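Visitor: Sharing a structure below in structure tokens format, with a few things to ask.
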Amino acid sequence: MKKLDRYILKSFLIPFLTTFLIILFVLIMQMLWLAFDNFAGKGIGVVIILKFLWYSALMATPQALPIGVLLSSIMTLGSLSEKYEFAAAKSAGVSLPRLMRSTVVLVCMLSILSFFFYDHVYPYAVLKQLNLKHNIKKKQPALALVPGSFNTEIPNYQIKFDEKYGEEQNLLKKVLIYDLSSRRGNNKIITAERGKILSEEGSRYMTLELYDGYYFEHHKKNGASYSERLRMPASHADFKEYTINIDMSSFDTDVERLQYTKNFNMLSLKQLSDTIPTLKKTYDEYIVSRAKNLFLVLDIEDLHQYPDSLVNKELSTDILTNFELKEQNEIMSTAVSKIERTLNNNKSYKDNLKNRRKWLNLHDIEYYNRIAFSMSCLLLFFIGAPLGSIIRTGGMGLPMILAIAIYVLYFFSNTFGKNMAEESSVTALLGSWIAVMLMLPLAITLTWRATRDKGLFDIKTFFSPLVQLIKTLFSKNRENT
């Protein structure tokens, strides 16, 4: 039996390691491709890129483990059944559960490893990679300018342009610049048909050359009244070429510096369990303070019934008719403005409340998902192993298609549950475990059918209760007639 266990383990480990490494490589390349714009043209050394790849590998390992287990389990049992080795083992009295016992132990160890990675290594990798990407992007922000929207990373300037082109991606088209260096708002506006970014290595300045543009500056004095500001002079001019030198010394930063350390995916389970009660307390205090503020704004007081002797019978029950027309207009204007102000405040409070609730939900989801996703290796194994013994096909063809389909179903149900929990549609516990709850019946059904040598889907067996019910009903009708 030990030889059989070693043979099964060898048959499982070889495809597992192969698929795991391939999937890990694909995920790392995907992360590198998504962050390619942050590295291109920044003068980043090979060591920094290798560090980024290392952090990406640590982040991708918990995601690659379940896919590797699922695909290798389908391939292993499919190959054993295809070569009739499983049938030979059964004829010798070895059942499917006994045949896969050693592999189940290995998958349990992989689930524990996945939990360890998710709880300790993954938060560390996210912490280092996110700060590394941010610091690299901040190192030369001019090369990370995005067309079509205002770029606010460059100090004292807001820059917008329609297109960035050229071999070095330093040529701009349709440029709009707000110069905020005077600290007095958007009083200096520059537009140009074309622009060019010049940045020499080692220089603390970035030069921006503009061509065929227009310049406008509103000369504003501090402390001036509104009427004075209307009379203040402004200067404007057309230009063929205009040069701006921007001090970039504040961006000479260390790429290893840690600036973001409190994101929910950077915390371990213990840190999350310590952080969540504080967030919930802050959230509850915010709700109470907003409720008190709304109560005070509406001027709600206790209403008391006056004795009949104090009622002025000359006053009309229609309150507005007791006032003059001018006073009625003032009352209505005051009431409308107060209601509009209250509605606007409540809208801003609502958005703030929604963001606070979402931030709290993200911590709750991360806490429960760490445990739920670590169970995915074991869950997907009990789907893949019986499925492989049923389809009786090894190799990379059909098993690969089935593995991708099953994992996509699991991944999207997990993502769907987390999104619903993030929007407070369901609880964080249910949203994190909904994928396990959906896939567990499939795992139990496939395992039960595989241990009893039943096919993937027997139409006759499925419809036999319905056919039997119809026959029983017809026979009763005949007896009655």
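All residue names refer to the structure tokens as shown: chains lettered A, B, ... in order, residues numbered from 1 in each chain, ligands numbered from 1 in order.
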Mind checking which residues fall within 8 Å of Ser111 (chain A), counting only C-alpha atoms, ignoring those fewer than 4 positions away in the same chain, and posting them as a list in words?
Guide: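 Selected residues are Val107, Phe115, Ser374, Met375, Ser376, Cys377 and Leu378 of chain A.
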Visitor: Suppose we keep N, CA and C atoms; can you now write the selection as an mmCIF file, in the first residue's frame?
Guide:
data_model
loop_
_atom_site.group_PDB
_atom_site.id
_atom_site.type_symbol
_atom_site.label_atom_id
_atom_site.label_comp_id
_atom_site.auth_asym_id
_atom_site.auth_seq_id
_atom_site.Cartn_x
_atom_site.Cartn_y
_atom_site.Cartn_z
ATOM 1 N N VAL A 107 -3.198 17.666 0.202
ATOM 2 C CA VAL A 107 -4.022 18.843 -0.085
ATOM 3 C C VAL A 107 -4.375 19.582 1.205
ATOM 4 N N PHE A 115 -3.379 29.171 3.909
ATOM 5 C CA PHE A 115 -3.809 30.043 5.007
ATOM 6 C C PHE A 115 -2.634 30.814 5.585
ATOM 7 N N SER A 374 -8.868 30.091 1.999
ATOM 8 C CA SER A 374 -7.866 29.069 2.313
ATOM 9 C C SER A 374 -8.441 27.665 2.206
ATOM 10 N N MET A 375 -9.773 27.545 2.325
ATOM 11 C CA MET A 375 -10.429 26.244 2.182
ATOM 12 C C MET A 375 -10.625 25.858 0.723
ATOM 13 N N SER A 376 -10.298 26.752 -0.192
ATOM 14 C CA SER A 376 -10.574 26.488 -1.606
ATOM 15 C C SER A 376 -9.748 25.324 -2.144
ATOM 16 N N CYS A 377 -8.525 25.145 -1.642
ATOM 17 C CA CYS A 377 -7.703 24.022 -2.113
ATOM 18 C C CYS A 377 -8.409 22.690 -1.833
ATOM 19 N N LEU A 378 -8.889 22.520 -0.600
ATOM 20 C CA LEU A 378 -9.562 21.272 -0.229
ATOM 21 C C LEU A 378 -10.888 21.131 -0.955
#
Visitor: Excluding Phe12 (chain A) and residues on its chain fewer than 5 positions from it, collect all residues at most 7 Å away from it, counting only C-alpha atoms, and give them as a ChimeraX atom specification.
Guide: /A:72-73,76
Visitor: Point out the residue among A:Thr447, A:Ile383, A:Ser348, A:Thr427 with the least atom-to-atom distance to Ile406 (chain A), counting only C-alpha atoms.
Guide: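 Smallest separation from Ile406 (chain A) among the options: A:Ile383.
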Visitor: From the list A:Asn346, A:Phe117, A:Asn245, A:Asp318, which residue is nearest Ala291 (chain A) when using only C-alpha atoms?
Guide: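 Closest to Ala291 (chain A), using only C-alpha atoms: A:Asn346.
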Visitor: As an exercise, work out the distance from CA of Ile154 (chain A) to CA of Glu241 (chain A) in Å and give it to one decimal place.
Guide: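 So the two atoms, CA of Ile154 (chain A) and CA of Glu241 (chain A), lie 21.2 Å apart.
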Visitor: I need the residue nearest Arg6 (chain A) from this list: A:Ala35, A:Ile177, A:Leu106, A:Met420. Use only C-alpha atoms for the distance.
Guide: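 Using only C-alpha atoms, Arg6 (chain A) sits closest to A:Leu106.
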Visitor: With only C-alpha atoms as the counted atoms, please give the residues lying no more than 8 Å from Leu65 (chain A), apart from itself and same-chain residues fewer than 2 positions off, as a list in words.
Guide: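 Non-adjacent residues within range: Phe20, Thr61, Pro62, Gln63, Ile67, Gly68, Val69, Leu110, Ser114 and Cys377 of chain A.
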